[in-house]
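Student: Just so it is clear, I am handing over entry.tsv, which has TSV, C-alpha atoms and all ligand atoms.
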```
chain	number	residue	atom	x	y	z
A	1107	MET	CA	-26.70	-5.46	6.20
A	1108	LYS	CA	-25.37	-8.84	5.15
A	1109	LYS	CA	-21.89	-8.45	6.65
A	1110	THR	CA	-19.79	-5.98	8.61
A	1111	ILE	CA	-16.28	-5.58	7.24
A	1112	LEU	CA	-13.63	-3.73	9.21
A	1113	ILE	CA	-11.02	-2.21	6.88
A	1114	THR	CA	-7.94	-0.91	8.70
A	1115	GLY	CA	-5.85	1.86	7.14
A	1116	GLY	CA	-8.75	2.89	4.92
A	1117	ALA	CA	-7.75	6.56	4.97
A	1118	GLY	CA	-4.37	5.79	3.38
A	1119	PHE	CA	-3.41	5.36	-0.25
A	1120	ILE	CA	-4.43	1.77	-1.10
A	1121	GLY	CA	-6.96	1.55	1.73
A	1122	SER	CA	-9.01	4.47	0.40
A	1123	HIS	CA	-9.31	2.78	-3.01
A	1124	VAL	CA	-10.34	-0.51	-1.35
A	1125	VAL	CA	-12.90	1.23	0.88
A	1126	ARG	CA	-14.44	3.04	-2.12
A	1127	LEU	CA	-14.62	-0.14	-4.20
A	1128	PHE	CA	-16.31	-2.11	-1.41
A	1129	VAL	CA	-18.72	0.67	-0.31
A	1130	LYS	CA	-19.90	1.27	-3.88
A	1131	LYS	CA	-19.90	-2.29	-5.18
A	1132	TYR	CA	-21.45	-3.93	-2.11
A	1133	PRO	CA	-24.21	-1.73	-0.67
A	1134	GLU	CA	-25.29	-4.78	1.35
A	1135	TYR	CA	-22.01	-4.72	3.33
A	1136	ARG	CA	-21.41	-2.33	6.20
A	1137	ILE	CA	-17.87	-1.01	5.72
A	1138	LEU	CA	-16.12	0.35	8.81
A	1139	ASN	CA	-12.86	2.16	8.22
A	1140	LEU	CA	-10.54	2.10	11.24
A	1141	ASP	CA	-7.61	4.47	10.89
A	1142	ALA	CA	-5.33	6.43	13.24
A	1143	LEU	CA	-4.95	9.25	10.69
A	1144	THR	CA	-1.17	9.36	10.89
A	1145	TYR	CA	0.65	11.69	8.46
A	1146	ALA	CA	-0.28	9.16	5.72
A	1147	GLY	CA	-3.98	8.93	6.57
A	1148	ASN	CA	-6.25	11.54	5.10
A	1149	LEU	CA	-10.05	11.69	5.23
A	1150	GLU	CA	-9.98	13.95	2.16
A	1151	ASN	CA	-9.37	10.70	0.26
A	1152	LEU	CA	-12.92	9.64	1.12
A	1153	THR	CA	-15.11	12.77	1.13
A	1154	ASP	CA	-17.39	11.30	-1.57
A	1155	LEU	CA	-18.33	8.40	0.74
A	1156	GLU	CA	-18.91	10.32	4.00
A	1157	ASN	CA	-22.69	10.32	3.85
A	1158	LEU	CA	-23.31	6.90	2.38
A	1159	PRO	CA	-25.41	4.68	4.67
A	1160	ASN	CA	-23.12	1.63	4.49
A	1161	TYR	CA	-19.91	3.51	5.40
A	1162	GLY	CA	-18.56	4.49	8.81
A	1163	PHE	CA	-15.26	5.82	10.14
A	1164	ILE	CA	-13.58	5.00	13.47
A	1165	LYS	CA	-10.48	6.94	14.49
A	1166	GLY	CA	-7.98	5.01	16.58
A	1167	ASP	CA	-4.63	3.29	16.90
A	1168	ILE	CA	-4.32	-0.47	16.33
A	1169	VAL	CA	-1.36	-0.51	18.75
A	1170	ASP	CA	-3.85	0.16	21.58
A	1171	ALA	CA	-5.15	-3.34	22.40
A	1172	GLU	CA	-7.92	-2.12	24.69
A	1173	PHE	CA	-9.23	0.22	22.00
A	1174	VAL	CA	-9.12	-2.51	19.35
A	1175	ASN	CA	-10.98	-4.94	21.63
A	1176	GLY	CA	-13.60	-2.28	22.28
A	1177	VAL	CA	-14.16	-1.79	18.53
A	1178	PHE	CA	-14.62	-5.54	18.04
A	1179	GLU	CA	-16.97	-5.86	21.03
A	1180	GLU	CA	-19.10	-2.97	19.81
A	1181	HIS	CA	-19.21	-3.65	16.06
A	1182	ARG	CA	-18.65	-7.44	15.90
A	1183	PRO	CA	-17.13	-7.45	12.38
A	1184	ASP	CA	-17.54	-10.58	10.26
A	1185	ALA	CA	-14.31	-9.91	8.41
A	1186	VAL	CA	-11.21	-7.73	8.58
A	1187	ILE	CA	-9.18	-6.41	5.65
A	1188	HIS	CA	-5.98	-5.24	7.29
A	1189	LEU	CA	-4.05	-2.52	5.48
A	1190	ALA	CA	-3.04	-0.19	8.34
A	1191	ALA	CA	0.72	0.00	8.46
A	1192	GLU	CA	3.73	2.23	8.48
A	1193	SER	CA	4.59	1.80	4.81
A	1194	HIS	CA	7.65	3.82	3.75
A	1195	VAL	CA	11.08	2.12	3.66
A	1196	ASP	CA	13.04	5.38	4.11
A	1197	ARG	CA	11.06	6.27	7.24
A	1198	SER	CA	11.71	2.74	8.58
A	1199	ILE	CA	15.43	3.42	8.27
A	1200	LEU	CA	15.04	6.67	10.25
A	1201	ASP	CA	12.64	5.24	12.89
A	1202	PRO	CA	12.30	1.42	12.98
A	1203	LEU	CA	10.38	1.25	16.25
A	1204	SER	CA	7.18	2.81	14.96
A	1205	PHE	CA	7.17	0.07	12.27
A	1206	ILE	CA	7.57	-2.64	14.90
A	1207	ASN	CA	4.72	-1.15	16.91
A	1208	THR	CA	2.15	-0.63	14.17
A	1209	ASN	CA	3.05	-3.45	11.79
A	1210	ILE	CA	3.73	-6.19	14.34
A	1211	ILE	CA	2.00	-5.30	17.62
A	1212	GLY	CA	-0.93	-3.69	15.79
A	1213	THR	CA	-1.45	-6.83	13.68
A	1214	VAL	CA	-1.32	-9.10	16.75
A	1215	ASN	CA	-3.88	-6.92	18.51
A	1216	LEU	CA	-6.28	-7.33	15.57
A	1217	LEU	CA	-5.68	-11.10	15.36
A	1218	SER	CA	-6.29	-11.49	19.09
A	1219	SER	CA	-9.50	-9.45	18.96
A	1220	CYS	CA	-10.73	-11.59	16.05
A	1221	LEU	CA	-10.11	-14.70	18.14
A	1222	SER	CA	-11.90	-13.33	21.17
A	1223	VAL	CA	-15.08	-12.27	19.33
A	1224	TRP	CA	-15.11	-15.13	16.81
A	1225	ASN	CA	-14.10	-17.84	19.26
A	1226	GLU	CA	-17.56	-19.32	19.43
A	1227	ASN	CA	-18.01	-19.60	15.68
A	1228	MET	CA	-15.39	-19.08	12.97
A	1229	GLU	CA	-17.81	-20.05	10.19
A	1230	GLY	CA	-17.94	-17.35	7.50
A	1231	LYS	CA	-15.32	-15.22	9.26
A	1232	LEU	CA	-12.10	-13.98	7.61
A	1233	PHE	CA	-8.94	-12.07	8.47
A	1234	TYR	CA	-7.39	-10.78	5.22
A	1235	HIS	CA	-3.84	-9.53	5.64
A	1236	ILE	CA	-2.44	-7.16	3.01
A	1237	SER	CA	1.30	-7.48	2.61
A	1238	THR	CA	4.16	-6.67	0.28
A	1239	ASP	CA	6.56	-8.45	-2.06
A	1240	GLU	CA	9.41	-6.84	-0.08
A	1241	VAL	CA	9.20	-9.70	2.47
A	1242	TYR	CA	10.92	-11.95	-0.10
A	1243	GLY	CA	14.08	-9.84	-0.15
A	1244	SER	CA	15.95	-8.72	-3.26
A	1245	LEU	CA	16.31	-10.45	-6.64
A	1246	GLY	CA	19.26	-10.37	-9.01
A	1247	ARG	CA	18.67	-9.45	-12.65
A	1248	GLU	CA	16.67	-12.66	-13.18
A	1249	GLY	CA	13.96	-14.70	-11.47
A	1250	TYR	CA	10.64	-13.93	-9.78
A	1251	PHE	CA	9.05	-14.12	-6.34
A	1252	THR	CA	6.45	-16.89	-6.04
A	1253	GLU	CA	4.27	-17.71	-3.05
A	1254	THR	CA	6.84	-20.32	-1.95
A	1255	THR	CA	9.93	-18.08	-2.16
A	1256	ALA	CA	11.69	-18.09	1.23
A	1257	TYR	CA	11.30	-14.89	3.25
A	1258	ASP	CA	14.43	-12.70	3.36
A	1259	PRO	CA	13.38	-9.19	4.43
A	1260	ARG	CA	16.18	-6.64	4.45
A	1261	SER	CA	14.75	-3.32	5.68
A	1262	PRO	CA	13.02	-2.56	8.99
A	1263	TYR	CA	9.82	-2.06	6.95
A	1264	SER	CA	9.98	-5.40	5.16
A	1265	ALA	CA	11.13	-7.20	8.33
A	1266	SER	CA	8.12	-5.84	10.23
A	1267	LYS	CA	5.74	-6.87	7.40
A	1268	ALA	CA	7.37	-10.33	7.23
A	1269	SER	CA	6.89	-10.69	10.97
A	1270	SER	CA	3.21	-9.76	10.68
A	1271	ASP	CA	2.75	-12.30	7.83
A	1272	HIS	CA	4.26	-15.04	10.03
A	1273	LEU	CA	1.95	-14.10	12.91
A	1274	VAL	CA	-1.13	-14.23	10.66
A	1275	ARG	CA	-0.13	-17.75	9.54
A	1276	ALA	CA	0.66	-18.72	13.15
A	1277	TYR	CA	-2.87	-17.73	14.24
A	1278	HIS	CA	-4.27	-19.77	11.37
A	1279	HIS	CA	-2.28	-22.89	12.27
A	1280	THR	CA	-2.52	-22.61	16.04
A	1281	TYR	CA	-6.01	-21.25	16.59
A	1282	LYS	CA	-7.65	-22.15	13.25
A	1283	LEU	CA	-8.33	-18.49	12.51
A	1284	PRO	CA	-9.60	-18.23	8.89
A	1285	VAL	CA	-7.08	-16.10	7.01
A	1286	VAL	CA	-5.92	-15.15	3.53
A	1287	LEU	CA	-2.84	-13.12	2.67
A	1288	SER	CA	-1.67	-11.29	-0.42
A	1289	ASN	CA	1.77	-9.89	-1.19
A	1290	CYS	CA	1.75	-7.13	-3.77
A	1291	SER	CA	4.36	-5.26	-5.78
A	1292	ASN	CA	4.79	-1.44	-5.84
A	1293	ASN	CA	1.54	0.46	-6.27
A	1294	TYR	CA	1.08	3.88	-7.89
A	1295	GLY	CA	-1.93	6.08	-8.59
A	1296	PRO	CA	-4.04	8.90	-7.15
A	1297	ASN	CA	-3.92	9.63	-3.39
A	1298	GLN	CA	-0.41	8.26	-2.77
A	1299	PHE	CA	1.53	10.29	-0.22
A	1300	PRO	CA	4.29	12.23	-2.03
A	1301	GLU	CA	7.13	10.56	-0.13
A	1302	LYS	CA	7.03	7.55	-2.51
A	1303	LEU	CA	8.94	7.73	-5.80
A	1304	ILE	CA	6.20	8.50	-8.35
A	1305	PRO	CA	4.17	11.17	-6.51
A	1306	LEU	CA	7.37	12.70	-5.11
A	1307	ALA	CA	8.75	13.03	-8.63
A	1308	ILE	CA	5.46	14.44	-10.00
A	1309	ASN	CA	5.35	17.04	-7.24
A	1310	ASN	CA	9.00	18.04	-7.67
A	1311	ILE	CA	8.72	18.28	-11.46
A	1312	LYS	CA	5.56	20.36	-11.12
A	1313	ASN	CA	7.45	22.79	-8.83
A	1314	ASN	CA	10.68	22.76	-10.86
A	1315	ASN	CA	12.57	21.12	-7.99
A	1316	PRO	CA	15.30	18.47	-8.37
A	1317	VAL	CA	14.09	14.87	-8.77
A	1318	PRO	CA	16.28	12.74	-6.48
A	1319	ILE	CA	17.33	9.36	-7.87
A	1320	TYR	CA	19.03	7.07	-5.37
A	1321	GLY	CA	22.38	5.63	-6.49
A	1322	LYS	CA	22.54	5.14	-10.25
A	1323	GLY	CA	18.80	4.61	-10.71
A	1324	GLU	CA	19.37	0.97	-11.66
A	1325	ASN	CA	17.02	-0.56	-9.08
A	1326	VAL	CA	14.01	-2.31	-10.54
A	1327	ARG	CA	10.43	-2.36	-9.26
A	1328	ASP	CA	7.27	-4.01	-10.64
A	1329	TRP	CA	4.55	-1.33	-10.77
A	1330	LEU	CA	0.80	-1.92	-10.42
A	1331	TYR	CA	-1.99	0.65	-10.73
A	1332	VAL	CA	-3.75	1.00	-7.37
A	1333	GLY	CA	-7.20	0.40	-8.87
A	1334	ASP	CA	-5.99	-2.97	-10.14
A	1335	HIS	CA	-4.72	-3.83	-6.64
A	1336	ALA	CA	-8.12	-2.95	-5.15
A	1337	GLU	CA	-9.79	-5.28	-7.69
A	1338	ALA	CA	-7.35	-8.05	-6.79
A	1339	ILE	CA	-8.15	-7.55	-3.09
A	1340	ASP	CA	-11.87	-7.85	-3.88
A	1341	CYS	CA	-11.13	-11.08	-5.73
A	1342	VAL	CA	-8.98	-12.62	-2.96
A	1343	PHE	CA	-11.44	-11.52	-0.26
A	1344	HIS	CA	-14.37	-13.24	-1.95
A	1345	ARG	CA	-12.71	-16.20	-3.62
A	1346	GLY	CA	-9.33	-16.78	-1.95
A	1347	ARG	CA	-8.96	-20.11	-0.16
A	1348	ASN	CA	-8.65	-20.26	3.61
A	1349	GLY	CA	-4.99	-20.24	4.68
A	1350	GLU	CA	-3.67	-19.38	1.21
A	1351	THR	CA	-1.33	-16.64	0.03
A	1352	TYR	CA	-1.62	-14.89	-3.34
A	1353	ASN	CA	1.11	-12.82	-4.99
A	1354	ILE	CA	-0.18	-9.76	-6.86
A	1355	GLY	CA	1.95	-7.97	-9.44
A	1356	GLY	CA	1.77	-5.75	-12.50
A	1357	ASN	CA	4.05	-7.79	-14.76
A	1358	ASN	CA	5.54	-4.37	-15.35
A	1359	GLU	CA	9.19	-4.01	-14.38
A	1360	TRP	CA	10.95	-0.67	-14.68
A	1361	MET	CA	14.42	0.53	-13.79
A	1362	ASN	CA	13.95	3.66	-11.67
A	1363	LEU	CA	15.83	5.93	-14.07
A	1364	ASP	CA	13.84	4.73	-17.11
A	1365	LEU	CA	10.59	5.18	-15.21
A	1366	ILE	CA	11.47	8.74	-14.22
A	1367	LYS	CA	12.50	9.58	-17.78
A	1368	LEU	CA	9.11	8.36	-19.03
A	1369	LEU	CA	7.36	10.37	-16.33
A	1370	CYS	CA	9.35	13.46	-17.35
A	1371	LYS	CA	8.17	13.07	-20.97
A	1372	ILE	CA	4.54	12.84	-19.83
A	1373	MET	CA	4.98	15.86	-17.54
A	1374	ASP	CA	6.52	17.96	-20.33
A	1375	VAL	CA	3.41	17.37	-22.44
A	1376	LYS	CA	0.95	17.94	-19.56
A	1377	LEU	CA	2.71	21.13	-18.45
A	1378	ASN	CA	3.28	22.46	-21.99
A	1379	ARG	CA	7.03	22.45	-21.47
A	1380	LEU	CA	9.67	21.98	-24.14
A	1381	PRO	CA	10.79	18.33	-24.48
A	1382	GLY	CA	13.66	17.68	-22.03
A	1383	THR	CA	12.68	20.40	-19.54
A	1384	SER	CA	11.54	18.01	-16.82
A	1385	ALA	CA	14.36	15.50	-17.40
A	1386	ALA	CA	16.87	18.31	-16.71
A	1387	LEU	CA	15.64	18.21	-13.09
A	1388	ILE	CA	16.88	14.62	-12.55
A	1389	GLY	CA	19.67	14.47	-9.97
A	1390	PHE	CA	21.52	11.47	-8.56
A	1391	VAL	CA	21.78	11.38	-4.76
A	1392	LYS	CA	23.33	9.10	-2.15
A	1393	ASP	CA	21.85	5.61	-2.32
A	1394	ARG	CA	19.35	4.26	0.21
A	1395	ALA	CA	21.03	2.12	2.90
A	1396	GLY	CA	20.55	-1.58	2.05
A	1397	HIS	CA	18.71	-0.66	-1.16
A	1398	ASP	CA	17.08	-3.82	-2.60
A	1399	LEU	CA	18.11	-4.20	-6.25
A	1400	ARG	CA	15.03	-5.76	-7.80
A	1401	TYR	CA	11.52	-6.93	-6.94
A	1402	ALA	CA	9.45	-8.91	-9.46
A	1403	ILE	CA	6.29	-10.91	-8.85
A	1404	ASP	CA	5.18	-14.11	-10.51
A	1405	ALA	CA	1.40	-13.64	-10.36
A	1406	THR	CA	0.51	-16.96	-12.03
A	1407	LYS	CA	-1.39	-18.33	-9.02
A	1408	ILE	CA	-3.91	-15.50	-8.69
A	1409	LYS	CA	-4.48	-15.53	-12.44
A	1410	LYS	CA	-4.91	-19.30	-12.63
A	1411	ASP	CA	-6.92	-19.83	-9.43
A	1412	LEU	CA	-8.96	-16.61	-9.22
A	1413	GLY	CA	-8.86	-15.22	-12.76
A	1414	TRP	CA	-7.37	-11.85	-11.77
A	1415	GLU	CA	-4.90	-9.95	-13.93
A	1416	PRO	CA	-3.98	-6.26	-14.20
A	1417	GLY	CA	-6.21	-4.16	-16.44
A	1418	VAL	CA	-4.47	-0.78	-16.64
A	1419	THR	CA	-1.37	-0.39	-18.83
A	1420	PHE	CA	1.52	1.59	-17.39
A	1421	HIS	CA	1.24	4.49	-19.83
A	1422	VAL	CA	-2.48	4.90	-19.16
A	1423	GLY	CA	-2.01	4.51	-15.39
A	1424	LEU	CA	0.83	7.05	-15.29
A	1425	GLU	CA	-1.18	9.57	-17.32
A	1426	LYS	CA	-4.18	9.17	-15.03
A	1427	THR	CA	-1.90	9.59	-12.01
A	1428	VAL	CA	-0.23	12.74	-13.37
A	1429	ASP	CA	-3.63	14.21	-14.30
A	1430	TRP	CA	-4.91	13.54	-10.81
A	1431	TYR	CA	-1.95	15.23	-9.08
A	1432	LEU	CA	-2.08	18.20	-11.45
A	1433	SER	CA	-5.76	18.79	-10.80
A	1434	ASN	CA	-5.86	18.16	-7.04
A	1435	HIS	CA	-3.83	21.13	-5.79
A	1436	GLN	CA	-5.72	21.42	-2.55
A	1437	TRP	CA	-5.14	17.76	-1.62
A	1438	LEU	CA	-1.41	18.17	-2.36
A	1439	ASP	CA	-1.17	21.48	-0.45
A	1440	HIS	CA	-2.80	19.88	2.60
A	1441	VAL	CA	-0.59	16.81	2.71
A	1442	LEU	CA	2.54	18.86	2.02
A	1443	SER	CA	1.88	21.15	4.95
A	1444	GLY	CA	2.49	19.80	8.45
A	1445	ASP	CA	5.44	17.48	8.90
A	1446	TYR	CA	6.33	16.96	5.23
A	1447	ALA	CA	8.98	19.69	5.01
A	1448	ASN	CA	10.79	18.33	8.09
A	1449	TYR	CA	10.76	14.82	6.68
A	1450	TYR	CA	11.97	16.05	3.28
A	1451	ASP	CA	14.86	17.98	4.83
A	1452	GLN	CA	15.93	15.06	6.99
A	1453	GLN	CA	15.70	12.58	4.14
A	1454	TYR	CA	17.27	14.59	1.29
A	1455	LYS	CA	19.36	17.53	2.59
A	1456	GLN	CA	22.35	15.32	3.56
A	1457	ARG	CA	22.38	13.35	0.31
A	1501	LIG	P1	-0.21	4.37	3.54
A	1501	LIG	O1	1.01	4.70	4.34
A	1501	LIG	O2	-0.63	5.26	2.43
A	1501	LIG	O3	-1.47	4.24	4.51
A	1501	LIG	C1	-1.40	3.58	5.75
A	1501	LIG	C2	-2.67	3.93	6.53
A	1501	LIG	O4	-2.59	3.25	7.79
A	1501	LIG	C3	-2.82	5.41	6.83
A	1501	LIG	O5	-4.15	5.82	6.59
A	1501	LIG	C4	-2.48	5.53	8.30
A	1501	LIG	O6	-3.16	6.59	8.96
A	1501	LIG	C5	-2.92	4.16	8.82
A	1501	LIG	N1	-2.20	3.77	10.03
A	1501	LIG	C6	-0.84	3.80	10.23
A	1501	LIG	N2	-0.56	3.42	11.48
A	1501	LIG	C7	-1.74	3.12	12.08
A	1501	LIG	C8	-2.08	2.67	13.38
A	1501	LIG	N3	-1.13	2.45	14.30
A	1501	LIG	N4	-3.38	2.45	13.66
A	1501	LIG	C9	-4.34	2.67	12.72
A	1501	LIG	N5	-4.06	3.13	11.49
A	1501	LIG	C10	-2.78	3.35	11.17
A	1501	LIG	O7	0.04	2.87	3.03
A	1501	LIG	P2	-0.36	2.18	1.65
A	1501	LIG	O8	0.69	2.44	0.66
A	1501	LIG	O9	-1.77	2.49	1.35
A	1501	LIG	O10	-0.24	0.65	2.08
A	1501	LIG	C11	-1.34	-0.04	2.66
A	1501	LIG	C12	-0.94	-1.47	2.96
A	1501	LIG	O11	-0.52	-2.12	1.76
A	1501	LIG	C13	0.23	-1.59	3.92
A	1501	LIG	O12	-0.01	-2.70	4.77
A	1501	LIG	C14	1.43	-1.86	3.02
A	1501	LIG	O13	2.41	-2.61	3.70
A	1501	LIG	C15	0.78	-2.65	1.91
A	1501	LIG	N6	1.44	-2.56	0.60
A	1501	LIG	C16	1.72	-1.33	0.05
A	1501	LIG	C17	2.31	-1.27	-1.21
A	1501	LIG	C18	2.60	0.06	-1.88
A	1501	LIG	O14	3.22	0.09	-2.95
A	1501	LIG	N7	2.17	1.20	-1.32
A	1501	LIG	C19	2.63	-2.44	-1.91
A	1501	LIG	C20	2.32	-3.67	-1.31
A	1501	LIG	C21	1.73	-3.71	-0.06
A	1502	LIG	P1	9.55	3.78	-3.04
A	1502	LIG	O1	8.47	4.48	-3.80
A	1502	LIG	O2	9.99	4.34	-1.74
A	1502	LIG	O3	9.06	2.26	-2.88
A	1502	LIG	P2	9.90	0.96	-2.32
A	1502	LIG	O4	11.13	1.40	-1.66
A	1502	LIG	O5	8.92	0.37	-1.35
A	1502	LIG	O6	10.13	0.11	-3.53
A	1502	LIG	O7	10.82	3.66	-3.97
A	1502	LIG	C1	10.74	3.05	-5.25
A	1502	LIG	C2	12.15	3.00	-5.82
A	1502	LIG	O8	12.58	4.35	-6.07
A	1502	LIG	C3	13.17	2.41	-4.88
A	1502	LIG	O9	14.14	1.69	-5.64
A	1502	LIG	C4	13.82	3.61	-4.23
A	1502	LIG	C5	13.77	4.66	-5.34
A	1502	LIG	N1	13.65	6.07	-4.90
A	1502	LIG	C6	14.49	7.03	-5.44
A	1502	LIG	O10	15.37	6.74	-6.28
A	1502	LIG	N2	14.34	8.33	-5.03
A	1502	LIG	C7	13.41	8.70	-4.11
A	1502	LIG	O11	13.34	9.92	-3.76
A	1502	LIG	C8	12.53	7.71	-3.59
A	1502	LIG	C9	11.49	8.07	-2.57
A	1502	LIG	C10	12.69	6.40	-4.00
```
I need this file expressed as structure tokens, please.
Tutor:
Amino acid sequence: MKKTILITGGAGFIGSHVVRLFVKKYPEYRILNLDALTYAGNLENLTDLENLPNYGFIKGDIVDAEFVNGVFEEHRPDAVIHLAAESHVDRSILDPLSFINTNIIGTVNLLSSCLSVWNENMEGKLFYHISTDEVYGSLGREGYFTETTAYDPRSPYSASKASSDHLVRAYHHTYKLPVVLSNCSNNYGPNQFPEKLIPLAINNIKNNNPVPIYGKGENVRDWLYVGDHAEAIDCVFHRGRNGETYNIGGNNEWMNLDLIKLLCKIMDVKLNRLPGTSAALIGFVKDRAGHDLRYAIDATKIKKDLGWEPGVTFHVGLEKTVDWYLSNHQWLDHVLSGDYANYYDQQYKQR
């Protein structure tokens, strides 16, 4: 094998798409997926890869420094693509500490292990940190986040991701660790845990349950198909410049209410329902605390420097996503069992 790449969080939503892309596209790389299998991690996302010779799975928690060091000592990765994180804003409002632990302490543990095994020779090594546009805070109706926008995180989730971004840059400047970072807008697509807006709405519409819209539904997000994000990560990993940050976005802004109305139209067709049936399920609920109004990425740098741009239009991406959720009942049933009902009650019953 030419290289060993440790991908953290590879059993989660985006991570599983990145793992699949790398395992299939680069048979000469050994891909090791390190994941704690929290509620969001699911090996069913990767069953098609299980027996491939260049793929391996390691179960464990990045918060456990001794464990992380052991993994690095044993497998001596040449590069890390770090996606493992607590990723849901609403959960960060209910339980900030688990975000501090995984997103900050976990990231420092990985950075420190990289230093200790790469200390002798940093040549050809890389720590690639996957982050979010939420670190930049909230926009008004105009303007975009660029790579030089000042950080202004406003939720425990975005504050913990911002902190991890700063630490990655600190290790680069202080210890000369080779790093790249990317900050991406909202992803959607197959395998996303149904606590996030799009899969939650698909699941509720499918089951004729109310679709909860926070506040007036006026908040704006920039949506990117997960397969496009995985391609962008491939691009930054191979061609990104040491120490640089790249913003990744879909150039695809939607107000939440408009997005859900479009999704309802698609669901009516897919479920053979009369037009308007799904939209009748829309219900406005109490707003999220500190709800950021708008995120929008200026992705000029990655397009200009690395030639990446999104390939999947929103209509096509949404249709593919709906089709996937409607034909993967078993996957949905499995992730909805366990803790999901408790979370759903706690999050939505009071609203
Ligand atoms: P996810 O919640 O679907 O998956 C996270 C994965 O990390 C899971 O497999 C989970 O088991 C694993 N994990 C969590 N804590 C861990 C720990 N302590 N040790 C080891 N593994 C642990 O998240 P996602 O949506 O796929 O996001 C992946 C990354 O991309 C995150 O870093 C997130 O901040 C970033 N990101 C996400 C989005 C988005 O829209 N989902 C947008 C931009 C950036
Ligand atoms: P989400 O998918 O949680 O992503 P993020 O908060 O990281 O952007 O939410 C996307 C948008 O949808 C956000 O403005 C919050 C809103 N939202 C709802 O209106 N209802 C819901 O049930 C959820 C989960 C989110």
Student: So which residues are near ligand LIG 1501 (chain A), meaning at most 7 Å away with only C-alpha atoms and all ligand atoms counted, given back as an MDAnalysis selection string?
Tutor: chainID A and resid 1114:1121 1140:1148 1166:1169 1188:1194 1208 1212 1236:1239 1267 1289:1294 1298:1299
Student: 9 Å from ligand LIG 1502 (chain A) is the threshold here; counting all atoms listed in the file, which polymer residues fall inside it? Answer as number ranges by chain.
Tutor: A: 1193-1196, 1238, 1240, 1263-1264, 1291-1294, 1300-1307, 1317-1328, 1361-1363, 1390-1391, 1393-1394, 1397-1401, 1453-1454
Student: With all atoms listed in the file counted, which protein, DNA or RNA residues have an atom no more than 12 Å from (7.3, 11.2, -23.3) in the file frame? Please answer as a list of chain:residue names.
Tutor: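 Counting all atoms listed in the file, I find these residues within 12 Å of (7.3, 11.2, -23.3): A:Asp1364, A:Leu1365, A:Ile1366, A:Lys1367, A:Leu1368, A:Leu1369, A:Cys1370, A:Lys1371, A:Ile1372, A:Met1373, A:Asp1374, A:Val1375, A:Lys1376, A:Leu1377, A:Arg1379, A:Leu1380, A:Pro1381, A:Gly1382, A:Thr1383, A:Ser1384, A:Ala1385, A:His1421, A:Leu1424, A:Glu1425.
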Student: Excluding Ser1270 of chain A and residues on its chain fewer than 2 positions from it, collect all residues at most 10 Å away from it, counting all atoms listed in the file, and give them as a PDB file with C-alpha atoms, keeping the file's coordinate frame.
Tutor:
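The resulting file, selection.pdb, is reproduced below:
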```pdb
ATOM      1  CA  ILE A1206       7.570  -2.640  14.900  1.00  0.00           C
ATOM      2  CA  THR A1208       2.150  -0.630  14.170  1.00  0.00           C
ATOM      3  CA  ASN A1209       3.050  -3.450  11.790  1.00  0.00           C
ATOM      4  CA  ILE A1210       3.730  -6.190  14.340  1.00  0.00           C
ATOM      5  CA  ILE A1211       2.000  -5.300  17.620  1.00  0.00           C
ATOM      6  CA  GLY A1212      -0.930  -3.690  15.790  1.00  0.00           C
ATOM      7  CA  THR A1213      -1.450  -6.830  13.680  1.00  0.00           C
ATOM      8  CA  VAL A1214      -1.320  -9.100  16.750  1.00  0.00           C
ATOM      9  CA  HIS A1235      -3.840  -9.530   5.640  1.00  0.00           C
ATOM     10  CA  ILE A1236      -2.440  -7.160   3.010  1.00  0.00           C
ATOM     11  CA  SER A1237       1.300  -7.480   2.610  1.00  0.00           C
ATOM     12  CA  SER A1264       9.980  -5.400   5.160  1.00  0.00           C
ATOM     13  CA  ALA A1265      11.130  -7.200   8.330  1.00  0.00           C
ATOM     14  CA  SER A1266       8.120  -5.840  10.230  1.00  0.00           C
ATOM     15  CA  LYS A1267       5.740  -6.870   7.400  1.00  0.00           C
ATOM     16  CA  ALA A1268       7.370 -10.330   7.230  1.00  0.00           C
ATOM     17  CA  HIS A1272       4.260 -15.040  10.030  1.00  0.00           C
ATOM     18  CA  LEU A1273       1.950 -14.100  12.910  1.00  0.00           C
ATOM     19  CA  VAL A1274      -1.130 -14.230  10.660  1.00  0.00           C
ATOM     20  CA  ARG A1275      -0.130 -17.750   9.540  1.00  0.00           C
ATOM     21  CA  ALA A1276       0.660 -18.720  13.150  1.00  0.00           C
TER      22      ALA A1276
END
```
Student: Take atom CA of Gly1444 of chain A and atom CA of Asn1151 of chain A and report the distance between them in Å, one decimal.
Tutor: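 Atom-to-atom, atom CA of Gly1444 of chain A to atom CA of Asn1151 of chain A, that is 17.0 Å.
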Student: Between atom CA of Asn1314 of chain A and atom CA of Tyr1431 of chain A, what is the distance in Å, rounded to a tenth?
Tutor: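 Going from atom CA of Asn1314 of chain A over to atom CA of Tyr1431 of chain A covers 14.8 Å.
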Student: When you draw a straight line from atom CA of Ala1338 of chain A to atom CA of Phe1128 of chain A, how long is it in Å?
Tutor: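 Calculated distance between atom CA of Ala1338 of chain A and atom CA of Phe1128 of chain A is 12.0 Å.
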Student: Counting all atoms listed in the file, which residue out of A:Asn1139, A:Asn1309, A:Thr1419, A:Ser1433 sits closest to Asn1358 of chain A?
Tutor: A:Thr1419
Student: Could you tell me which of A:Val1441, A:Ile1187, A:Val1332, A:Val1285 comes closest to Leu1221 of chain A if we count all atoms listed in the file?
Tutor: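 Smallest distance to Leu1221 of chain A is found for A:Val1285.
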Student: So that I can check the surroundings of Ile1408 of chain A, please list as an NGL selection string every protein, DNA and RNA residue that reaches within 6 Å of it, counting all atoms listed in the file and ignoring chain neighbours fewer than 4 positions away.
Tutor: :A and (1352 or 1412 or 1414)
